$ cat coords_11.cif   # mmCIF, N, CA and C atoms
data_final
#
loop_
_atom_site.label_atom_id
_atom_site.label_comp_id
_atom_site.auth_asym_id
_atom_site.auth_seq_id
_atom_site.Cartn_x
_atom_site.Cartn_y
_atom_site.Cartn_z
N MET C 508 101.96 -58.43 -48.93
CA MET C 508 103.14 -58.26 -48.09
C MET C 508 103.76 -56.90 -48.38
N ILE C 509 104.27 -56.29 -47.33
CA ILE C 509 104.90 -54.99 -47.44
C ILE C 509 106.31 -55.09 -46.86
N LEU C 510 107.27 -54.51 -47.55
CA LEU C 510 108.63 -54.43 -47.06
C LEU C 510 108.71 -53.23 -46.12
N CYS C 511 109.20 -53.44 -44.90
CA CYS C 511 109.21 -52.36 -43.90
C CYS C 511 110.52 -52.37 -43.11
N ARG C 512 110.74 -51.27 -42.39
CA ARG C 512 111.83 -51.18 -41.43
C ARG C 512 111.21 -50.98 -40.06
N VAL C 513 111.74 -51.69 -39.06
CA VAL C 513 111.28 -51.51 -37.69
C VAL C 513 111.89 -50.21 -37.16
N VAL C 514 111.03 -49.29 -36.73
CA VAL C 514 111.51 -47.98 -36.25
C VAL C 514 111.26 -47.78 -34.77
N GLY C 515 110.63 -48.74 -34.12
CA GLY C 515 110.40 -48.61 -32.68
C GLY C 515 109.52 -49.74 -32.18
N SER C 516 109.19 -49.66 -30.90
CA SER C 516 108.31 -50.66 -30.29
C SER C 516 107.32 -49.96 -29.38
N ILE C 517 106.30 -50.70 -28.99
CA ILE C 517 105.26 -50.16 -28.13
C ILE C 517 105.17 -51.04 -26.88
N VAL C 518 105.15 -50.40 -25.73
CA VAL C 518 104.96 -51.10 -24.47
C VAL C 518 103.59 -50.73 -23.95
N SER C 519 102.78 -51.74 -23.66
CA SER C 519 101.43 -51.51 -23.18
C SER C 519 101.12 -52.51 -22.08
N THR C 520 100.85 -52.01 -20.87
CA THR C 520 100.56 -52.92 -19.76
C THR C 520 99.12 -53.41 -19.79
N ILE C 521 98.23 -52.64 -20.41
CA ILE C 521 96.84 -53.05 -20.54
C ILE C 521 96.51 -53.08 -22.03
N LYS C 522 96.05 -54.23 -22.51
CA LYS C 522 95.72 -54.35 -23.93
C LYS C 522 94.66 -55.41 -24.15
N HIS C 523 94.07 -55.42 -25.32
CA HIS C 523 93.04 -56.39 -25.71
C HIS C 523 93.61 -57.80 -25.58
N ASP C 524 92.75 -58.75 -25.26
CA ASP C 524 93.18 -60.14 -25.10
C ASP C 524 93.92 -60.69 -26.32
N SER C 525 93.59 -60.20 -27.51
CA SER C 525 94.26 -60.67 -28.73
C SER C 525 95.75 -60.35 -28.73
N TYR C 526 96.14 -59.36 -27.95
CA TYR C 526 97.54 -58.92 -27.93
C TYR C 526 98.32 -59.42 -26.73
N LYS C 527 97.69 -60.23 -25.89
CA LYS C 527 98.42 -60.75 -24.72
C LYS C 527 99.60 -61.59 -25.19
N ASN C 528 100.72 -61.44 -24.51
CA ASN C 528 101.95 -62.19 -24.80
C ASN C 528 102.48 -61.90 -26.20
N THR C 529 102.24 -60.70 -26.72
CA THR C 529 102.80 -60.33 -28.03
C THR C 529 103.70 -59.11 -27.88
N LYS C 530 104.60 -58.98 -28.81
CA LYS C 530 105.48 -57.81 -28.89
C LYS C 530 104.94 -56.94 -30.03
N LEU C 531 104.73 -55.66 -29.76
CA LEU C 531 104.21 -54.74 -30.77
C LEU C 531 105.33 -53.85 -31.29
N LEU C 532 105.44 -53.78 -32.60
CA LEU C 532 106.48 -52.98 -33.24
C LEU C 532 105.87 -51.85 -34.07
N ILE C 533 106.60 -50.76 -34.18
CA ILE C 533 106.24 -49.69 -35.10
C ILE C 533 107.10 -49.90 -36.34
N VAL C 534 106.44 -50.07 -37.48
CA VAL C 534 107.15 -50.32 -38.73
C VAL C 534 106.80 -49.25 -39.76
N ARG C 535 107.74 -49.01 -40.66
CA ARG C 535 107.54 -48.00 -41.70
C ARG C 535 107.89 -48.62 -43.05
N PRO C 536 106.99 -48.49 -44.04
CA PRO C 536 107.26 -49.06 -45.37
C PRO C 536 108.55 -48.48 -45.97
N ILE C 537 109.26 -49.31 -46.74
CA ILE C 537 110.48 -48.89 -47.44
C ILE C 537 110.45 -49.41 -48.87
N THR C 538 111.29 -48.81 -49.71
CA THR C 538 111.49 -49.31 -51.07
C THR C 538 112.49 -50.47 -51.01
N PRO C 539 112.63 -51.26 -52.07
CA PRO C 539 113.64 -52.32 -52.07
C PRO C 539 115.07 -51.80 -51.86
N GLU C 540 115.28 -50.51 -52.16
CA GLU C 540 116.60 -49.91 -51.94
C GLU C 540 116.79 -49.44 -50.50
N GLY C 541 115.75 -49.55 -49.69
CA GLY C 541 115.84 -49.16 -48.28
C GLY C 541 115.42 -47.75 -47.98
N VAL C 542 114.86 -47.04 -48.96
CA VAL C 542 114.42 -45.66 -48.74
C VAL C 542 113.07 -45.68 -48.02
N LEU C 543 112.99 -44.94 -46.91
CA LEU C 543 111.75 -44.89 -46.14
C LEU C 543 110.64 -44.21 -46.92
N LYS C 544 109.44 -44.79 -46.86
CA LYS C 544 108.25 -44.18 -47.44
C LYS C 544 107.48 -43.50 -46.31
N SER C 545 106.43 -42.79 -46.66
CA SER C 545 105.65 -42.11 -45.63
C SER C 545 104.75 -43.09 -44.89
N GLY C 546 104.38 -42.71 -43.68
CA GLY C 546 103.45 -43.49 -42.88
C GLY C 546 104.13 -44.53 -42.01
N THR C 547 103.46 -44.88 -40.95
CA THR C 547 103.90 -45.95 -40.05
C THR C 547 102.70 -46.80 -39.69
N MET C 548 102.96 -47.98 -39.16
CA MET C 548 101.88 -48.85 -38.68
C MET C 548 102.39 -49.67 -37.52
N VAL C 549 101.47 -50.20 -36.75
CA VAL C 549 101.79 -51.08 -35.64
C VAL C 549 101.60 -52.51 -36.13
N ALA C 550 102.57 -53.36 -35.83
CA ALA C 550 102.49 -54.76 -36.26
C ALA C 550 102.90 -55.67 -35.11
N VAL C 551 102.23 -56.81 -35.01
CA VAL C 551 102.58 -57.82 -34.03
C VAL C 551 103.81 -58.57 -34.55
N ASP C 552 104.82 -58.71 -33.69
CA ASP C 552 106.06 -59.40 -34.07
C ASP C 552 105.92 -60.90 -33.81
N THR C 553 106.11 -61.72 -34.83
CA THR C 553 106.06 -63.17 -34.67
C THR C 553 107.42 -63.82 -34.90
N VAL C 554 108.46 -63.00 -35.16
CA VAL C 554 109.75 -63.56 -35.55
C VAL C 554 110.93 -63.06 -34.73
N GLY C 555 110.70 -62.20 -33.75
CA GLY C 555 111.80 -61.69 -32.93
C GLY C 555 112.57 -60.55 -33.56
N ALA C 556 111.90 -59.72 -34.35
CA ALA C 556 112.55 -58.58 -35.01
C ALA C 556 112.86 -57.48 -33.99
N GLY C 557 113.78 -56.62 -34.36
CA GLY C 557 114.14 -55.50 -33.50
C GLY C 557 114.34 -54.24 -34.30
N GLU C 558 114.52 -53.13 -33.60
CA GLU C 558 114.68 -51.84 -34.25
C GLU C 558 115.83 -51.87 -35.26
N GLY C 559 115.55 -51.34 -36.45
CA GLY C 559 116.53 -51.31 -37.52
C GLY C 559 116.43 -52.47 -38.49
N ASN C 560 115.75 -53.56 -38.10
CA ASN C 560 115.60 -54.70 -39.00
C ASN C 560 114.69 -54.36 -40.17
N THR C 561 115.00 -54.93 -41.33
CA THR C 561 114.11 -54.88 -42.48
C THR C 561 113.24 -56.13 -42.36
N VAL C 562 111.92 -55.95 -42.49
CA VAL C 562 110.99 -57.05 -42.25
C VAL C 562 109.92 -57.13 -43.34
N LEU C 563 109.28 -58.30 -43.43
CA LEU C 563 108.11 -58.48 -44.27
C LEU C 563 106.89 -58.42 -43.37
N VAL C 564 105.90 -57.62 -43.78
CA VAL C 564 104.70 -57.45 -42.97
C VAL C 564 103.48 -57.88 -43.78
N ALA C 565 102.69 -58.77 -43.20
CA ALA C 565 101.38 -59.11 -43.77
C ALA C 565 100.42 -58.08 -43.20
N SER C 566 99.83 -57.28 -44.07
CA SER C 566 99.02 -56.17 -43.56
C SER C 566 97.56 -56.23 -44.00
N GLU C 567 97.09 -57.38 -44.30
CA GLU C 567 95.67 -57.56 -44.58
C GLU C 567 95.06 -58.18 -43.34
N GLY C 568 94.01 -57.59 -42.82
CA GLY C 568 93.41 -58.05 -41.58
C GLY C 568 93.17 -59.54 -41.51
N ARG C 569 92.54 -60.12 -42.52
CA ARG C 569 92.21 -61.55 -42.51
C ARG C 569 93.49 -62.40 -42.51
N ALA C 570 94.46 -62.05 -43.33
CA ALA C 570 95.71 -62.81 -43.38
C ALA C 570 96.43 -62.74 -42.04
N ALA C 571 96.46 -61.56 -41.45
CA ALA C 571 97.12 -61.39 -40.15
C ALA C 571 96.45 -62.26 -39.09
N MET C 572 95.13 -62.30 -39.08
CA MET C 572 94.41 -63.12 -38.10
C MET C 572 94.70 -64.60 -38.30
N GLU C 573 94.78 -65.04 -39.56
CA GLU C 573 95.07 -66.45 -39.83
C GLU C 573 96.49 -66.81 -39.38
N ILE C 574 97.44 -65.91 -39.61
CA ILE C 574 98.82 -66.14 -39.18
C ILE C 574 98.90 -66.30 -37.67
N MET C 575 98.11 -65.50 -36.95
CA MET C 575 98.10 -65.56 -35.49
C MET C 575 97.26 -66.72 -34.97
N GLY C 576 96.54 -67.41 -35.87
CA GLY C 576 95.75 -68.57 -35.47
C GLY C 576 94.39 -68.24 -34.89
N PHE C 577 93.88 -67.05 -35.18
CA PHE C 577 92.56 -66.66 -34.67
C PHE C 577 91.48 -67.18 -35.60
N ALA C 578 90.51 -67.90 -35.04
CA ALA C 578 89.39 -68.39 -35.83
C ALA C 578 88.33 -67.32 -36.01
N ALA C 579 88.11 -66.54 -34.95
CA ALA C 579 87.11 -65.47 -35.01
C ALA C 579 87.79 -64.12 -35.28
N ARG C 580 87.00 -63.19 -35.75
CA ARG C 580 87.51 -61.85 -36.07
C ARG C 580 88.09 -61.18 -34.83
N GLN C 581 89.28 -60.61 -34.96
CA GLN C 581 89.97 -59.94 -33.87
C GLN C 581 90.45 -58.56 -34.35
N PRO C 582 90.76 -57.65 -33.41
CA PRO C 582 91.25 -56.33 -33.80
C PRO C 582 92.74 -56.37 -34.15
N LEU C 583 93.04 -57.00 -35.27
CA LEU C 583 94.43 -57.20 -35.69
C LEU C 583 94.54 -56.95 -37.17
N ARG C 584 95.53 -56.18 -37.57
CA ARG C 584 95.67 -55.85 -38.98
C ARG C 584 97.01 -56.24 -39.56
N SER C 585 98.12 -56.02 -38.84
CA SER C 585 99.46 -56.23 -39.40
C SER C 585 100.30 -57.14 -38.52
N VAL C 586 101.05 -58.05 -39.19
CA VAL C 586 101.90 -59.00 -38.49
C VAL C 586 103.24 -59.07 -39.20
N VAL C 587 104.33 -58.98 -38.43
CA VAL C 587 105.68 -59.17 -38.98
C VAL C 587 105.86 -60.67 -39.15
N VAL C 588 106.11 -61.10 -40.40
CA VAL C 588 106.21 -62.54 -40.70
C VAL C 588 107.61 -62.98 -41.12
N GLY C 589 108.54 -62.04 -41.28
CA GLY C 589 109.90 -62.43 -41.67
C GLY C 589 110.89 -61.30 -41.51
N ILE C 590 112.12 -61.66 -41.19
CA ILE C 590 113.23 -60.70 -41.15
C ILE C 590 114.01 -60.87 -42.45
N VAL C 591 114.22 -59.79 -43.17
CA VAL C 591 114.90 -59.82 -44.47
C VAL C 591 116.41 -59.71 -44.26
N ASP C 592 117.14 -60.68 -44.79
CA ASP C 592 118.60 -60.67 -44.70
C ASP C 592 119.24 -59.94 -45.86
N HIS C 593 118.61 -60.08 -47.06
CA HIS C 593 119.22 -59.52 -48.26
C HIS C 593 118.13 -59.36 -49.32
N ILE C 594 118.24 -58.30 -50.10
CA ILE C 594 117.32 -58.08 -51.22
C ILE C 594 118.15 -58.08 -52.49
N GLU C 595 117.78 -58.93 -53.44
CA GLU C 595 118.46 -58.99 -54.71
C GLU C 595 117.43 -58.79 -55.81
N ARG C 596 117.59 -57.74 -56.59
CA ARG C 596 116.64 -57.45 -57.66
C ARG C 596 117.10 -58.08 -58.95
N GLY C 597 116.14 -58.57 -59.73
CA GLY C 597 116.45 -59.17 -61.02
C GLY C 597 116.82 -58.10 -62.05
N HIS C 598 117.36 -58.52 -63.17
CA HIS C 598 117.78 -57.59 -64.21
C HIS C 598 116.61 -56.83 -64.80
N GLY C 599 115.43 -57.44 -64.86
CA GLY C 599 114.26 -56.80 -65.47
C GLY C 599 113.46 -55.95 -64.49
N ALA C 600 113.85 -55.92 -63.20
CA ALA C 600 113.10 -55.14 -62.21
C ALA C 600 113.36 -53.68 -62.39
N SER C 601 112.28 -52.88 -62.21
CA SER C 601 112.46 -51.43 -62.35
C SER C 601 112.49 -50.75 -61.02
#
$ encode --input "coords_11.cif" --output "structure tokens"
Amino acid sequence: MILCRVVGSIVSTIKHDSYKNTKLLIVRPITPEGVLKSGTMVAVDTVGAGEGNTVLVASEGRAAMEIMGFAARQPLRSVVVGIVDHIERGHGAS
């Protein structure tokens, strides 16, 4: 799982059958403190996230396919699986 911020969305009128009826988001990894890291990725939204939300992203191809309920291999790598309301770090966390 990767902690990310939603930085945009993608609109596509023509797409692979695996993506039909899905919302595609552009997400960027962040630190627990909310600092943006480098790089972005496209993730299928399964929770109704929007721009500016902090989200949890499953970014392993096999895990993402299982979350979406695909039995056979599909062109899918990342899925937004949760919207983060609050991050609380323990005393021993660095």
$ atom_distance --input "coords_11.cif" --atom1 "atom C of C:Gly541" --atom2 "atom CA of C:His593"
12.4 Å
$ resolve_selection --input "coords_11.cif" --expression "the PyMOL selection byres (((chain C and resi 544-554 and name CA) around 6) and name CA)" --output "list in words"
Lys530, Leu531, Leu532, Ile533, Val534, Arg535, Pro536, Ile537, Leu543, Gly555, Ala556, Ser585, Val586 and Val587 of chain C
$ resolve_selection --input "coords_11.cif" --expression "the PyMOL selection byres ((chain C and resi 559) around 6)" --output "ChimeraX atom specification"
/C:512-514,557-558,560-561
$ resolve_selection --input "coords_11.cif" --expression "the PyMOL selection byres ((chain C and resi 565) around 6)" --output "PDB file with N, CA and C atoms, in the coordinates of the input"
ATOM      1  N   MET C 508     101.960 -58.430 -48.930  1.00  0.00           N
ATOM      2  CA  MET C 508     103.140 -58.260 -48.090  1.00  0.00           C
ATOM      3  C   MET C 508     103.760 -56.900 -48.380  1.00  0.00           C
ATOM      4  N   ILE C 509     104.270 -56.290 -47.330  1.00  0.00           N
ATOM      5  CA  ILE C 509     104.900 -54.990 -47.440  1.00  0.00           C
ATOM      6  C   ILE C 509     106.310 -55.090 -46.860  1.00  0.00           C
ATOM      7  N   LEU C 563     109.280 -58.300 -43.430  1.00  0.00           N
ATOM      8  CA  LEU C 563     108.110 -58.480 -44.270  1.00  0.00           C
ATOM      9  C   LEU C 563     106.890 -58.420 -43.370  1.00  0.00           C
ATOM     10  N   VAL C 564     105.900 -57.620 -43.780  1.00  0.00           N
ATOM     11  CA  VAL C 564     104.700 -57.450 -42.970  1.00  0.00           C
ATOM     12  C   VAL C 564     103.480 -57.880 -43.780  1.00  0.00           C
ATOM     13  N   SER C 566      99.830 -57.280 -44.070  1.00  0.00           N
ATOM     14  CA  SER C 566      99.020 -56.170 -43.560  1.00  0.00           C
ATOM     15  C   SER C 566      97.560 -56.230 -44.000  1.00  0.00           C
ATOM     16  N   GLU C 567      97.090 -57.380 -44.300  1.00  0.00           N
ATOM     17  CA  GLU C 567      95.670 -57.560 -44.580  1.00  0.00           C
ATOM     18  C   GLU C 567      95.060 -58.180 -43.340  1.00  0.00           C
ATOM     19  N   ALA C 571      96.460 -61.560 -41.450  1.00  0.00           N
ATOM     20  CA  ALA C 571      97.120 -61.390 -40.150  1.00  0.00           C
ATOM     21  C   ALA C 571      96.450 -62.260 -39.090  1.00  0.00           C
ATOM     22  N   ARG C 584      95.530 -56.180 -37.570  1.00  0.00           N
ATOM     23  CA  ARG C 584      95.670 -55.850 -38.980  1.00  0.00           C
ATOM     24  C   ARG C 584      97.010 -56.240 -39.560  1.00  0.00           C
ATOM     25  N   SER C 585      98.120 -56.020 -38.840  1.00  0.00           N
ATOM     26  CA  SER C 585      99.460 -56.230 -39.400  1.00  0.00           C
ATOM     27  C   SER C 585     100.300 -57.140 -38.520  1.00  0.00           C
ATOM     28  N   VAL C 586     101.050 -58.050 -39.190  1.00  0.00           N
ATOM     29  CA  VAL C 586     101.900 -59.000 -38.490  1.00  0.00           C
ATOM     30  C   VAL C 586     103.240 -59.070 -39.200  1.00  0.00           C
ATOM     31  N   VAL C 587     104.330 -58.980 -38.430  1.00  0.00           N
ATOM     32  CA  VAL C 587     105.680 -59.170 -38.980  1.00  0.00           C
ATOM     33  C   VAL C 587     105.860 -60.670 -39.150  1.00  0.00           C
ATOM     34  N   VAL C 588     106.110 -61.100 -40.400  1.00  0.00           N
ATOM     35  CA  VAL C 588     106.210 -62.540 -40.700  1.00  0.00           C
ATOM     36  C   VAL C 588     107.610 -62.980 -41.120  1.00  0.00           C
TER      37      VAL C 588
END
$ atom_distance --input "coords_11.cif" --atom1 "atom CA of C:Ile590" --atom2 "atom N of C:Thr529"
18.1 Å
$ select_by_dssp --input "coords_11.cif" --residues "stretch 512-597 of chain C" --states "helix (DSSP H, G or I)" --output "list in words"
Asp524, Ser525, Tyr526, Gly568, Arg569, Ala570, Ala571, Met572, Glu573, Ile574 and Met575 of chain C
$ closest_residue --input "coords_11.cif" --among "C:Val542, C:Val562, C:His523, C:Asn528" --to "C:Cys511" --atoms "all atoms listed in the file"
C:Val562
